[in-house]
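Shown here: structure_19.cif, mmCIF, C-alpha atoms and all ligand atoms.
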data_input
#
loop_
_atom_site.label_atom_id
_atom_site.label_comp_id
_atom_site.auth_asym_id
_atom_site.auth_seq_id
_atom_site.Cartn_x
_atom_site.Cartn_y
_atom_site.Cartn_z
CA MET A 424 -20.23 -0.96 -10.41
CA PRO A 425 -22.03 -2.60 -7.47
CA ALA A 426 -23.21 0.54 -5.66
CA LEU A 427 -24.92 -1.57 -3.04
CA LEU A 428 -21.68 -3.15 -1.94
CA THR A 429 -19.89 0.14 -1.41
CA SER A 430 -22.80 1.56 0.55
CA ASN A 431 -23.64 -1.49 2.64
CA PRO A 432 -21.31 -2.06 5.62
CA LYS A 433 -23.16 -5.22 6.71
CA GLU A 434 -22.70 -6.88 3.35
CA VAL A 435 -19.01 -5.94 3.36
CA ALA A 436 -18.51 -7.32 6.88
CA ALA A 437 -20.22 -10.61 5.93
CA LEU A 438 -18.05 -10.98 2.82
CA ALA A 439 -14.92 -10.11 4.78
CA ALA A 440 -15.73 -12.95 7.19
CA GLU A 441 -16.19 -15.38 4.24
CA PHE A 442 -12.88 -14.25 2.74
CA GLU A 443 -11.00 -15.39 5.86
CA PHE A 444 -11.26 -18.80 4.15
CA ALA A 445 -10.48 -17.67 0.60
CA SER A 446 -7.14 -17.57 -1.22
CA ALA A 447 -5.53 -14.29 -2.26
CA THR A 448 -6.31 -15.15 -5.90
CA GLU A 449 -9.99 -15.71 -5.12
CA ILE A 450 -10.18 -12.35 -3.34
CA LEU A 451 -8.45 -10.53 -6.21
CA ARG A 452 -10.65 -12.25 -8.79
CA TRP A 453 -13.73 -11.19 -6.86
CA ALA A 454 -12.46 -7.60 -6.70
CA PHE A 455 -11.83 -7.51 -10.45
CA GLU A 456 -15.21 -9.08 -11.28
CA GLN A 457 -17.00 -6.59 -9.02
CA PHE A 458 -15.16 -3.42 -9.91
CA GLY A 459 -13.11 -3.97 -13.08
CA SER A 460 -10.46 -1.29 -13.50
CA SER A 461 -12.04 0.88 -10.82
CA ALA A 462 -10.21 -1.49 -8.46
CA ALA A 463 -6.43 -0.97 -8.38
CA ILE A 464 -3.42 -2.27 -6.49
CA GLY A 465 -1.47 0.37 -4.59
CA THR A 466 2.06 -0.65 -3.67
CA SER A 467 5.33 0.69 -2.33
CA PHE A 468 7.01 -2.57 -3.42
CA GLN A 469 7.23 -4.14 0.03
CA GLY A 470 7.11 -7.96 0.00
CA ALA A 471 3.34 -8.33 0.28
CA GLY A 472 2.76 -5.86 -2.55
CA LEU A 473 4.97 -7.96 -4.83
CA VAL A 474 3.07 -11.12 -3.88
CA THR A 475 -0.25 -9.37 -4.55
CA ILE A 476 0.81 -8.23 -8.03
CA HIS A 477 2.15 -11.73 -8.78
CA HIS A 478 -1.19 -13.32 -7.83
CA ALA A 479 -3.10 -10.85 -10.02
CA VAL A 480 -0.84 -11.26 -13.05
CA THR A 481 -0.68 -15.05 -12.74
CA ALA A 482 -4.48 -15.22 -12.58
CA GLY A 483 -4.74 -13.02 -15.71
CA LEU A 484 -6.44 -10.18 -13.84
CA PRO A 485 -5.53 -6.84 -15.49
CA LEU A 486 -5.85 -4.83 -12.29
CA PRO A 487 -4.09 -1.45 -12.61
CA VAL A 488 -1.07 -0.98 -10.33
CA PHE A 489 0.12 2.34 -8.91
CA THR A 490 2.78 3.61 -6.55
CA ILE A 491 3.53 6.96 -4.90
CA ASP A 492 6.82 8.50 -5.97
CA THR A 493 7.52 11.07 -3.26
CA GLY A 494 10.72 12.25 -4.94
CA LEU A 495 12.58 10.89 -1.92
CA LEU A 496 12.69 7.19 -2.70
CA PHE A 497 15.88 5.15 -2.62
CA PRO A 498 17.49 4.64 -6.07
CA GLU A 499 17.08 0.90 -5.43
CA THR A 500 13.31 1.37 -5.15
CA LEU A 501 13.11 3.30 -8.42
CA GLU A 502 15.19 0.63 -10.18
CA LEU A 503 12.93 -2.05 -8.71
CA LYS A 504 9.88 -0.40 -10.27
CA THR A 505 11.44 -0.75 -13.74
CA ARG A 506 12.50 -4.34 -13.04
CA LEU A 507 8.98 -5.22 -11.92
CA GLU A 508 7.42 -3.65 -15.01
CA ASP A 509 9.68 -5.82 -17.17
CA TYR A 510 9.16 -8.95 -15.08
CA PHE A 511 5.37 -8.70 -14.91
CA GLY A 512 4.90 -7.08 -18.33
CA ILE A 513 2.82 -4.26 -16.84
CA LEU A 514 3.05 -0.49 -16.47
CA ILE A 515 3.04 0.84 -12.92
CA GLU A 516 1.57 4.34 -12.59
CA SER A 517 3.61 6.75 -10.43
CA LEU A 518 1.57 9.26 -8.44
CA VAL A 519 3.56 12.41 -7.73
CA PRO A 520 3.05 15.24 -5.22
CA GLU A 521 2.01 18.69 -6.39
CA ARG A 522 5.35 20.24 -5.34
CA THR A 523 8.80 18.88 -6.11
CA VAL A 524 11.10 18.41 -3.11
CA GLY A 525 12.82 21.67 -4.08
CA GLN A 526 9.52 23.59 -4.29
CA GLN A 527 8.49 22.19 -0.91
CA ALA A 528 11.78 23.44 0.57
CA GLN A 529 11.16 26.89 -0.91
CA ASP A 530 7.48 27.20 -0.03
CA ILE A 531 7.35 25.44 3.35
CA ALA A 532 10.65 24.28 4.85
CA ALA A 533 13.87 22.62 3.82
CA GLU A 534 14.00 18.99 4.98
CA LEU A 535 10.42 19.20 6.22
CA TRP A 536 10.67 15.54 7.29
CA LEU A 537 12.96 16.63 10.14
CA SER A 538 10.62 19.28 11.55
CA ASN A 539 7.14 18.10 10.58
CA PRO A 540 7.06 14.60 9.11
CA ASP A 541 3.25 14.45 9.37
CA LEU A 542 2.91 17.46 7.07
CA CYS A 543 5.61 16.11 4.76
CA CYS A 544 3.78 12.77 4.47
CA THR A 545 0.47 14.55 3.89
CA LEU A 546 1.88 16.61 1.03
CA ARG A 547 4.03 13.92 -0.57
CA LYS A 548 1.94 10.79 0.00
CA VAL A 549 -1.58 11.33 1.29
CA GLU A 550 -2.66 14.09 -1.11
CA PRO A 551 -1.53 12.30 -4.31
CA LEU A 552 -3.21 9.14 -3.03
CA GLN A 553 -6.46 10.96 -2.26
CA LYS A 554 -6.55 12.26 -5.82
CA LYS A 555 -6.14 8.74 -7.14
CA LEU A 556 -8.69 7.19 -4.79
CA SER A 557 -11.28 9.75 -5.85
CA GLN A 558 -11.31 7.88 -9.20
CA LEU A 559 -11.52 4.36 -7.69
CA ASP A 560 -14.08 2.18 -5.91
CA ALA A 561 -11.68 -0.41 -4.49
CA TRP A 562 -8.10 0.01 -3.30
CA ILE A 563 -6.09 -3.20 -2.99
CA VAL A 564 -3.08 -3.10 -0.66
CA GLY A 565 -0.55 -5.46 0.91
CA LEU A 566 -1.21 -4.80 4.60
CA ARG A 567 -0.67 -7.76 6.95
CA ARG A 568 -1.92 -8.18 10.51
CA GLU A 569 1.49 -9.27 11.72
CA GLN A 570 3.26 -6.07 10.60
CA SER A 571 2.58 -3.96 13.67
CA ALA A 572 0.23 -3.57 16.63
CA GLY A 573 -1.71 -0.94 14.69
CA ARG A 574 -2.39 -3.36 11.84
CA ALA A 575 -3.27 -6.40 13.95
CA ARG A 576 -7.03 -5.98 13.50
CA ILE A 577 -7.33 -5.22 9.81
CA GLN A 578 -10.10 -7.04 7.93
CA ILE A 579 -9.80 -8.48 4.43
CA LEU A 580 -12.48 -6.02 3.26
CA GLU A 581 -12.94 -2.64 4.90
CA LEU A 582 -15.40 0.04 3.86
CA TYR A 583 -14.55 3.72 4.45
CA GLU A 584 -16.34 6.96 3.81
CA PHE A 585 -14.17 8.80 1.31
CA ASP A 586 -16.15 11.91 0.40
CA LYS A 587 -19.20 12.74 2.45
CA LEU A 588 -20.50 15.45 0.08
CA ARG A 589 -20.38 13.13 -2.93
CA GLU A 590 -21.53 10.18 -0.77
CA LYS A 591 -18.53 8.29 -2.07
CA ASN A 592 -17.10 5.34 -0.18
CA ILE A 593 -13.98 3.34 -0.89
CA LEU A 594 -13.52 -0.37 -0.31
CA LYS A 595 -10.09 -1.31 0.94
CA VAL A 596 -9.04 -4.86 0.11
CA ASN A 597 -6.31 -6.58 2.15
CA PRO A 598 -5.95 -9.98 0.42
CA LEU A 599 -2.80 -10.91 2.37
CA ALA A 600 -4.04 -9.81 5.80
CA GLN A 601 -3.43 -13.27 7.22
CA TRP A 602 -0.01 -13.88 5.68
CA SER A 603 3.12 -14.01 7.82
CA ARG A 604 6.42 -12.41 6.82
CA GLU A 605 7.86 -15.92 6.31
CA GLN A 606 5.03 -16.89 3.93
CA VAL A 607 5.56 -13.70 1.91
CA TRP A 608 9.31 -14.22 1.53
CA ASP A 609 9.01 -17.95 0.84
CA TYR A 610 6.61 -17.06 -1.96
CA ILE A 611 8.90 -14.37 -3.40
CA ARG A 612 11.93 -16.66 -3.40
CA ARG A 613 10.00 -19.66 -4.76
CA HIS A 614 8.73 -17.62 -7.71
CA GLY A 615 11.94 -15.63 -8.26
CA ILE A 616 10.10 -12.29 -8.03
CA PRO A 617 12.45 -9.24 -8.13
CA TYR A 618 12.59 -7.45 -4.78
CA ASN A 619 14.31 -4.46 -3.24
CA PRO A 620 18.01 -5.31 -2.60
CA LEU A 621 17.84 -3.14 0.55
CA MET A 622 15.89 -6.03 2.11
CA ASP A 623 19.11 -8.05 2.10
CA ARG A 624 20.85 -5.22 3.98
CA GLY A 625 18.57 -5.29 7.03
CA PHE A 626 15.72 -3.03 5.93
CA ARG A 627 12.28 -4.48 6.64
CA SER A 628 9.84 -1.77 5.47
CA ILE A 629 11.23 0.65 2.91
CA GLY A 630 9.90 4.14 2.34
CA CYS A 631 11.62 7.49 1.71
CA PHE A 632 15.37 7.50 2.33
CA PRO A 633 15.36 10.28 4.99
CA CYS A 634 12.87 8.30 7.14
CA THR A 635 13.93 4.67 6.77
CA ARG A 636 16.50 2.84 8.89
CA VAL A 637 17.71 -0.73 9.26
CA VAL A 638 15.62 -2.73 11.77
CA ILE A 639 17.24 -4.42 14.76
CA SER A 640 16.42 -8.12 15.18
CA GLY A 641 13.28 -8.63 17.29
CA GLN A 642 11.66 -5.31 16.31
CA ASP A 643 8.50 -5.27 14.22
CA ASP A 644 8.69 -4.62 10.47
CA ARG A 645 7.90 -0.91 10.74
CA ALA A 646 10.27 -0.09 13.59
CA GLY A 647 12.79 1.39 11.14
CA ARG A 648 10.46 4.15 9.97
CA TRP A 649 10.58 7.74 11.35
CA THR A 650 13.21 7.01 14.01
CA GLY A 651 13.02 9.63 16.78
CA PHE A 652 9.36 10.47 16.15
CA ASP A 653 6.23 9.01 17.74
CA LYS A 654 5.07 7.92 14.31
CA ASN A 655 4.91 4.60 12.50
CA GLU A 656 2.31 5.31 9.83
CA CYS A 657 2.68 7.85 7.04
CA GLY A 658 -1.04 8.55 6.96
CA ILE A 659 -2.05 6.76 3.76
CA HIS A 660 -3.56 3.95 5.83
CA THR A 661 -5.01 6.16 8.55
CA PHE A 662 -6.43 9.29 6.88
CA LEU A 663 -9.70 7.53 6.11
CA GLY A 664 -10.55 7.29 9.82
CA ASP A 665 -12.67 4.43 11.20
CA LYS A 666 -14.24 1.94 8.85
CA ILE A 667 -18.02 2.12 8.46
FE1 LIG A 701 8.45 13.07 3.96
FE2 LIG A 701 9.60 11.10 5.37
FE3 LIG A 701 6.97 11.09 4.87
FE4 LIG A 701 8.74 10.66 2.91
S1 LIG A 701 8.34 9.35 4.72
S2 LIG A 701 6.94 11.92 2.77
S3 LIG A 701 10.38 12.07 3.50
S4 LIG A 701 8.12 12.55 6.15
#

Representation of the structure as structure tokens:
Amino acid sequence: MPALLTSNPKEVAALAAEFEFASATEILRWAFEQFGSSAAIGTSFQGAGLVTIHHAVTAGLPLPVFTIDTGLLFPETLELKTRLEDYFGILIESLVPERTVGQQAQDIAAELWLSNPDLCCTLRKVEPLQKKLSQLDAWIVGLRREQSAGRARIQILELYEFDKLREKNILKVNPLAQWSREQVWDYIRRHGIPYNPLMDRGFRSIGCFPCTRVVISGQDDRAGRWTGFDKNECGIHTFLGDKI
């Protein structure tokens, strides 16, 4: 594992600038060559995640793939996971929270997403992810700059401090940072990749069923998440703080 790379912000920034001119396949190949299976693709099966997995599989890169199953996903999303495993010929690891939804209701609050969605997301998404990331050096995701104002400045490579005591950093890889929504969906249709049927019913970014609504034309992709709350990130892309 290239320790230097995950401890050297200047080297990461220089590579990120070079990767502005690289293809998604080139970026994924680099990640696999650098980190092997300590690099993994994390996905919630939005369009860009599907395109990322397709690039990796087509290039013959056996990058592990994982998702977070909060226990509150739409049935369509769970079915899609199985369809994708068949289509790509891979196994997708499901990360699960410590408590079931029922245990959370008993121990903390029923329908916690209505009273404290930040805590609900921390327990059901961020904590399982943190456990997984503690075993990885590179985390590959499908974030795109166009998705929301908060994502407009993401870099293709971003280095974060993960665990100060263990001096462990994590490299976040955004191979599709530059892609538009149109490019993503052209690619999915051209290659016949299975996708979430809720997308055809007006959903643009699909998470847990209590916190996902149809998006009105003209709104950004994440406008249908956590309606009624001043919140448009679940925390999995913000808990790491500022990049180093
Ligand atoms: Fe809970 Fe909603 Fe976050 Fe899912 S998206 S973990 S239901 S607050």

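One finds CA of Thr545 in chain A at 21.5 Å from CA of Gly472 in chain A.
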
Please provide as a ChimeraX atom specification all residues within 12 Å of Leu473 in chain A, with the sequence filter that same-chain residues fewer than 2 positions apart are discarded (counting all atoms listed in the file). /A:464-471,475-480,488,490,503-504,506-508,510-511,564-566,599,607-608,610-612,614-619

Go through the chains and note each residue within 8 Å of ligand LIG 701 (chain A), using all atoms listed in the file, then give the set as a PDB file with C-alpha atoms, in the frame of the given file.
ATOM      1  CA  THR A 493       7.520  11.070  -3.260  1.00  0.00           C
ATOM      2  CA  LEU A 495      12.580  10.890  -1.920  1.00  0.00           C
ATOM      3  CA  LEU A 496      12.690   7.190  -2.700  1.00  0.00           C
ATOM      4  CA  GLU A 534      14.000  18.990   4.980  1.00  0.00           C
ATOM      5  CA  LEU A 535      10.420  19.200   6.220  1.00  0.00           C
ATOM      6  CA  TRP A 536      10.670  15.540   7.290  1.00  0.00           C
ATOM      7  CA  LEU A 537      12.960  16.630  10.140  1.00  0.00           C
ATOM      8  CA  ASN A 539       7.140  18.100  10.580  1.00  0.00           C
ATOM      9  CA  PRO A 540       7.060  14.600   9.110  1.00  0.00           C
ATOM     10  CA  ASP A 541       3.250  14.450   9.370  1.00  0.00           C
ATOM     11  CA  LEU A 542       2.910  17.460   7.070  1.00  0.00           C
ATOM     12  CA  CYS A 543       5.610  16.110   4.760  1.00  0.00           C
ATOM     13  CA  CYS A 544       3.780  12.770   4.470  1.00  0.00           C
ATOM     14  CA  THR A 545       0.470  14.550   3.890  1.00  0.00           C
ATOM     15  CA  LEU A 546       1.880  16.610   1.030  1.00  0.00           C
ATOM     16  CA  ARG A 547       4.030  13.920  -0.570  1.00  0.00           C
ATOM     17  CA  LYS A 548       1.940  10.790   0.000  1.00  0.00           C
ATOM     18  CA  GLY A 630       9.900   4.140   2.340  1.00  0.00           C
ATOM     19  CA  CYS A 631      11.620   7.490   1.710  1.00  0.00           C
ATOM     20  CA  PHE A 632      15.370   7.500   2.330  1.00  0.00           C
ATOM     21  CA  PRO A 633      15.360  10.280   4.990  1.00  0.00           C
ATOM     22  CA  CYS A 634      12.870   8.300   7.140  1.00  0.00           C
ATOM     23  CA  THR A 635      13.930   4.670   6.770  1.00  0.00           C
ATOM     24  CA  ARG A 648      10.460   4.150   9.970  1.00  0.00           C
ATOM     25  CA  TRP A 649      10.580   7.740  11.350  1.00  0.00           C
ATOM     26  CA  CYS A 657       2.680   7.850   7.040  1.00  0.00           C
TER      27      CYS A 657
END

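CA of Gln578 in chain A to CA of Ala462 in chain A spans 17.3 Å [interatomic distance, one decimal].
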
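Straight-line separation from CA of Met622 in chain A to CA of Val519 in chain A: 24.3 Å.
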
Identify, on the basis of all atoms listed in the file, every residue whose closest approach to range 442-459 of chain A does not exceed 10 Å; exclude the query and any residue fewer than 4 positions from it along the same chain; express the result as an MDAnalysis selection string. chainID A and resid 424:426 428 436:438 463:464 474:487 559:563 578:580 594 596:602

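The smallest atom-to-atom distance between Gln570 in chain A and any of A:Gln558, A:Thr523, A:Ser628, A:Gln529, using only C-alpha atoms, is found for A:Ser628.
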
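For the residues A:Ser460, A:Ser571, A:Asn431, A:Thr500, ranking by smallest atom-to-atom distance to Asn655 in chain A using only C-alpha atoms places A:Ser571 first.
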
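For the set A:Pro520, A:Pro551, A:Pro432, A:Gly625, the residue with the smallest atom-to-atom gap to Val637 in chain A is A:Gly625, counting all atoms listed in the file.
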
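The closest residue to Val549 in chain A, picked from A:Leu663, A:Val435, A:Ala528, A:Ile577 and counting all atoms listed in the file, is A:Leu663.
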
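For the choices A:Glu584, A:Ala533, A:Glu521, A:Ile515, the atom-to-atom distance to Asp665 in chain A is smallest for A:Glu584 when using all atoms listed in the file.
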
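Each of A:Leu518, A:Gln526, A:Asp623, A:Lys587 was checked against Lys554 in chain A using all atoms listed in the file; the smallest atom-to-atom distance is that of A:Leu518.
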
Some atoms are absent from range 554-570 of chain A, so rebuild N, CA and C atoms and return them as a PDB file, keeping the file's coordinate frame.
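Dumped to selection39.pdb:
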ATOM      1  N   LYS A 554      -6.141  11.947  -4.439  1.00  0.00           N
ATOM      2  CA  LYS A 554      -6.550  12.260  -5.820  1.00  0.00           C
ATOM      3  C   LYS A 554      -6.844  10.982  -6.596  1.00  0.00           C
ATOM      4  N   LYS A 555      -5.966  10.000  -6.427  1.00  0.00           N
ATOM      5  CA  LYS A 555      -6.140   8.740  -7.140  1.00  0.00           C
ATOM      6  C   LYS A 555      -7.388   8.001  -6.645  1.00  0.00           C
ATOM      7  N   LEU A 556      -7.563   7.945  -5.336  1.00  0.00           N
ATOM      8  CA  LEU A 556      -8.690   7.190  -4.790  1.00  0.00           C
ATOM      9  C   LEU A 556     -10.028   7.813  -5.179  1.00  0.00           C
ATOM     10  N   SER A 557     -10.012   9.106  -5.462  1.00  0.00           N
ATOM     11  CA  SER A 557     -11.280   9.750  -5.850  1.00  0.00           C
ATOM     12  C   SER A 557     -11.796   9.162  -7.166  1.00  0.00           C
ATOM     13  N   GLN A 558     -10.894   8.483  -7.921  1.00  0.00           N
ATOM     14  CA  GLN A 558     -11.310   7.880  -9.200  1.00  0.00           C
ATOM     15  C   GLN A 558     -11.597   6.382  -9.064  1.00  0.00           C
ATOM     16  N   LEU A 559     -11.397   5.813  -7.875  1.00  0.00           N
ATOM     17  CA  LEU A 559     -11.520   4.360  -7.690  1.00  0.00           C
ATOM     18  C   LEU A 559     -12.690   3.992  -6.777  1.00  0.00           C
ATOM     19  N   ASP A 560     -13.105   2.723  -6.874  1.00  0.00           N
ATOM     20  CA  ASP A 560     -14.080   2.180  -5.910  1.00  0.00           C
ATOM     21  C   ASP A 560     -13.418   1.209  -4.945  1.00  0.00           C
ATOM     22  N   ALA A 561     -12.343   0.563  -5.364  1.00  0.00           N
ATOM     23  CA  ALA A 561     -11.680  -0.410  -4.490  1.00  0.00           C
ATOM     24  C   ALA A 561     -10.167  -0.218  -4.579  1.00  0.00           C
ATOM     25  N   TRP A 562      -9.537  -0.239  -3.425  1.00  0.00           N
ATOM     26  CA  TRP A 562      -8.100   0.010  -3.300  1.00  0.00           C
ATOM     27  C   TRP A 562      -7.479  -1.238  -2.660  1.00  0.00           C
ATOM     28  N   ILE A 563      -6.659  -1.922  -3.442  1.00  0.00           N
ATOM     29  CA  ILE A 563      -6.090  -3.200  -2.990  1.00  0.00           C
ATOM     30  C   ILE A 563      -4.676  -2.939  -2.476  1.00  0.00           C
ATOM     31  N   VAL A 564      -4.392  -3.391  -1.269  1.00  0.00           N
ATOM     32  CA  VAL A 564      -3.080  -3.100  -0.660  1.00  0.00           C
ATOM     33  C   VAL A 564      -2.500  -4.376  -0.036  1.00  0.00           C
ATOM     34  N   GLY A 565      -1.241  -4.289   0.372  1.00  0.00           N
ATOM     35  CA  GLY A 565      -0.550  -5.460   0.910  1.00  0.00           C
ATOM     36  C   GLY A 565      -0.381  -5.420   2.420  1.00  0.00           C
ATOM     37  N   LEU A 566      -1.342  -4.842   3.125  1.00  0.00           N
ATOM     38  CA  LEU A 566      -1.210  -4.800   4.600  1.00  0.00           C
ATOM     39  C   LEU A 566      -1.350  -6.208   5.173  1.00  0.00           C
ATOM     40  N   ARG A 567      -0.582  -6.466   6.252  1.00  0.00           N
ATOM     41  CA  ARG A 567      -0.670  -7.760   6.950  1.00  0.00           C
ATOM     42  C   ARG A 567      -0.850  -7.500   8.455  1.00  0.00           C
ATOM     43  N   ARG A 568      -1.614  -8.367   9.083  1.00  0.00           N
ATOM     44  CA  ARG A 568      -1.920  -8.180  10.510  1.00  0.00           C
ATOM     45  C   ARG A 568      -0.666  -8.249  11.374  1.00  0.00           C
ATOM     46  N   GLU A 569       0.293  -9.026  10.914  1.00  0.00           N
ATOM     47  CA  GLU A 569       1.490  -9.270  11.720  1.00  0.00           C
ATOM     48  C   GLU A 569       2.468  -8.084  11.708  1.00  0.00           C
ATOM     49  N   GLN A 570       2.246  -7.113  10.815  1.00  0.00           N
ATOM     50  CA  GLN A 570       3.260  -6.070  10.600  1.00  0.00           C
ATOM     51  C   GLN A 570       3.501  -5.166  11.796  1.00  0.00           C
TER      52      GLN A 570
END
